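K.L.:
Here it is, the structure, as structure tokens.
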Amino acid sequence: MSDDLDITRLIIKVTRDTLPQIKDKYPFLYLERGRLEIDDSSVKWIDCDANFIRLPIATINTLLLGPGTSVTHEAIKILAAANCSVCWVGEDSLLFYAAGISPTSDTRNFRKQMQIACDEKKSLDVARRMFARRFPEPDVKDKTLDQLKGMEGYRVRQLYEQKAEQYKVGWKGRRYEPGKFEMGDVTNQILTSANAALYGILCSAVHAMGYSPHIGFIHSGSPLPFVYDMADLYKEHVCIDLAFAMTLEMAGVYNKHKMSSAFRKRVIEMDLLTKIGLDIEEMLGGKKK
């Protein structure tokens with residue numbers, strides 16, 4: 001990276017009317033071992049070898065900051081003004097640690113989400129719509145939340161086995177212990193990494209649209225229930241299929257660069273950021289796609 005790769009600079013004084021919508025932004029940019037700071041009205045990334053590049057943050061949904069990164073107060077202020085979220089993640093597995101909340105224009109979407117969540121019938125309707133997306137054939141309109149969760153657990157186990165057979169991969173089940181990423185097999189390592197990256201993208205998008213990641217309709221008692229709810233709509237393709245498809249390619253040794261590249265390609269090909277906005281509206285009872 002060098003100044004020769006300079007991109008059109010971002011002027012600090014931006015307004016929400018001039019910013020791209022979430023669906024028009026690049027999903028994420030992963031950075032590690034460097035520093036984010038402000039230079040001449042733009043956000044500049046300086047890596048550990050003193051190379052630097054100005055980042056077009058108005059067109060990026062979220063920055064994933066890995067190990068060895070630091071950021072100045074002024075850079076965070078400009079990132080927030082441009083509605084570019086910041087997430088702190090781990091190396092290799094891209095473990096999701098925390099997210100910075102960017103201010104949104106109003107609380108309209110948050111109020112709508114809260115009103116639905118506080119209405120038992122409407123909340124269950126949202127859960128059913130989410131399950132109906134993943135269960136296109138069975139009729140779920142009369143199912144309770146516990147019944148739906150049981151169906152989901154069975155479906156996911158079957159999906160793992162189906163993908164293992166499709167890609168000729170040995171599978172002993174989903175296993176992950178916090179802090180023991182290296183103990184899992186390659187398939188489980190890819191699954192953990194892809195899931196964490198997906199959570200980061202979703203958390204940023206949910207915040208940017210004014211919803212709360214903490215108000216879920218299926219998951220509860222966890223840090224980011226709504227993010228986990230929405231992630232289940234996309235995991236089959238961007239996480240589960242990816243993990244089994246890449247297992248043989250990695251030949252028993254997890255490669256974070258290959259995983260990140262393949263994950264990013266799938267996210268862009270499916271136009272995930274456009275889907276997130278439309279899907280949230282549909283799941284909460286708005287317009288259907």
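Naming works like this for the structure tokens: A, B, ... for the chains as they're shown, residue 1 at the start of each chain, ligands 1 onward in shown order.
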Listing only residues of region 134-213 of chain A within 8 Å of region 249-270 of chain A, what is the closest atom pair and its distance in Å (to one decimal) for each, using only C-alpha atoms, sorted by chain and residue number ascending, as JSON lines?

P.N.:
{"residue": "A:Asp185", "atom": "CA", "partner": "A:Gly252", "partner_atom": "CA", "distance": 7.7}
{"residue": "A:Val186", "atom": "CA", "partner": "A:Tyr254", "partner_atom": "CA", "distance": 5.6}
{"residue": "A:Gln189", "atom": "CA", "partner": "A:Tyr254", "partner_atom": "CA", "distance": 7.1}
{"residue": "A:Ile190", "atom": "CA", "partner": "A:Met259", "partner_atom": "CA", "distance": 6.9}
{"residue": "A:Ala194", "atom": "CA", "partner": "A:Phe263", "partner_atom": "CA", "distance": 6.8}

K.L.:
Excluding Arg174 (chain A) and its own-chain neighbours fewer than 5 positions away, which residues fall within 9 Å of it when counting only C-alpha atoms? Please give them as an NGL selection string.

P.N.:
:A and (157 or 160 or 187-188 or 191)

K.L.:
Would you mind listing what lies within 6 Å of region 199-216 of chain A as a count of residues only, with only C-alpha atoms counted and same-chain residues fewer than 5 positions away left out?

P.N.:
8

K.L.:
Given the choices A:Gly173, A:Pro138, A:Asp39, A:Glu282, which gets closest to Leu159 (chain A) if the distance is worked out from only C-alpha atoms?

P.N.:
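Checking each candidate against Leu159 (chain A), we get A:Gly173 as the closest.
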
K.L.:
Just list as a PyMOL selection string whatever in region 16-228 of chain A DSSP marks as alpha helix (DSSP H).

P.N.:
chain A and resi 73-81+108-117+120-134+145-166+186-208+225-228

K.L.:
Looking at A:Ile46, A:Ala196, A:Cys87, A:Ile116, which one is nearest to Cys239 (chain A), with distances taken over only C-alpha atoms?

P.N.:
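Closest to Cys239 (chain A), using only C-alpha atoms: A:Ala196.
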
K.L.:
If I take CA of Lys44 (chain A) and CA of Val89 (chain A), how far is one from the other in Å, to one decimal?

P.N.:
19.7 Å

K.L.:
Interatomic distance between CA of Ile280 (chain A) and CA of Asp119 (chain A)?

P.N.:
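The value is 17.5 Å.
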
K.L.:
Just want the 9 Å neighbourhood of Leu79 (chain A), counted on only C-alpha atoms, with same-chain residues fewer than 6 positions away dropped. Output as a list in words.

P.N.:
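The filter keeps Val43, Ile57, Ala58, Ser85, Val86 and Ser102 of chain A.
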
K.L.:
Nearest to Tyr234 (chain A): which of A:Met130, A:Val140, A:Arg54, A:Glu120 is it, counting only C-alpha atoms?

P.N.:
A:Met130

K.L.:
Compare A:Met151, A:Val169, A:Leu55, A:Ile240 by their minimum atom-to-atom distance to Arg128 (chain A), counting only C-alpha atoms, and give me the closest one.

P.N.:
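With only C-alpha atoms as the atom set, the closest residue is A:Met151.
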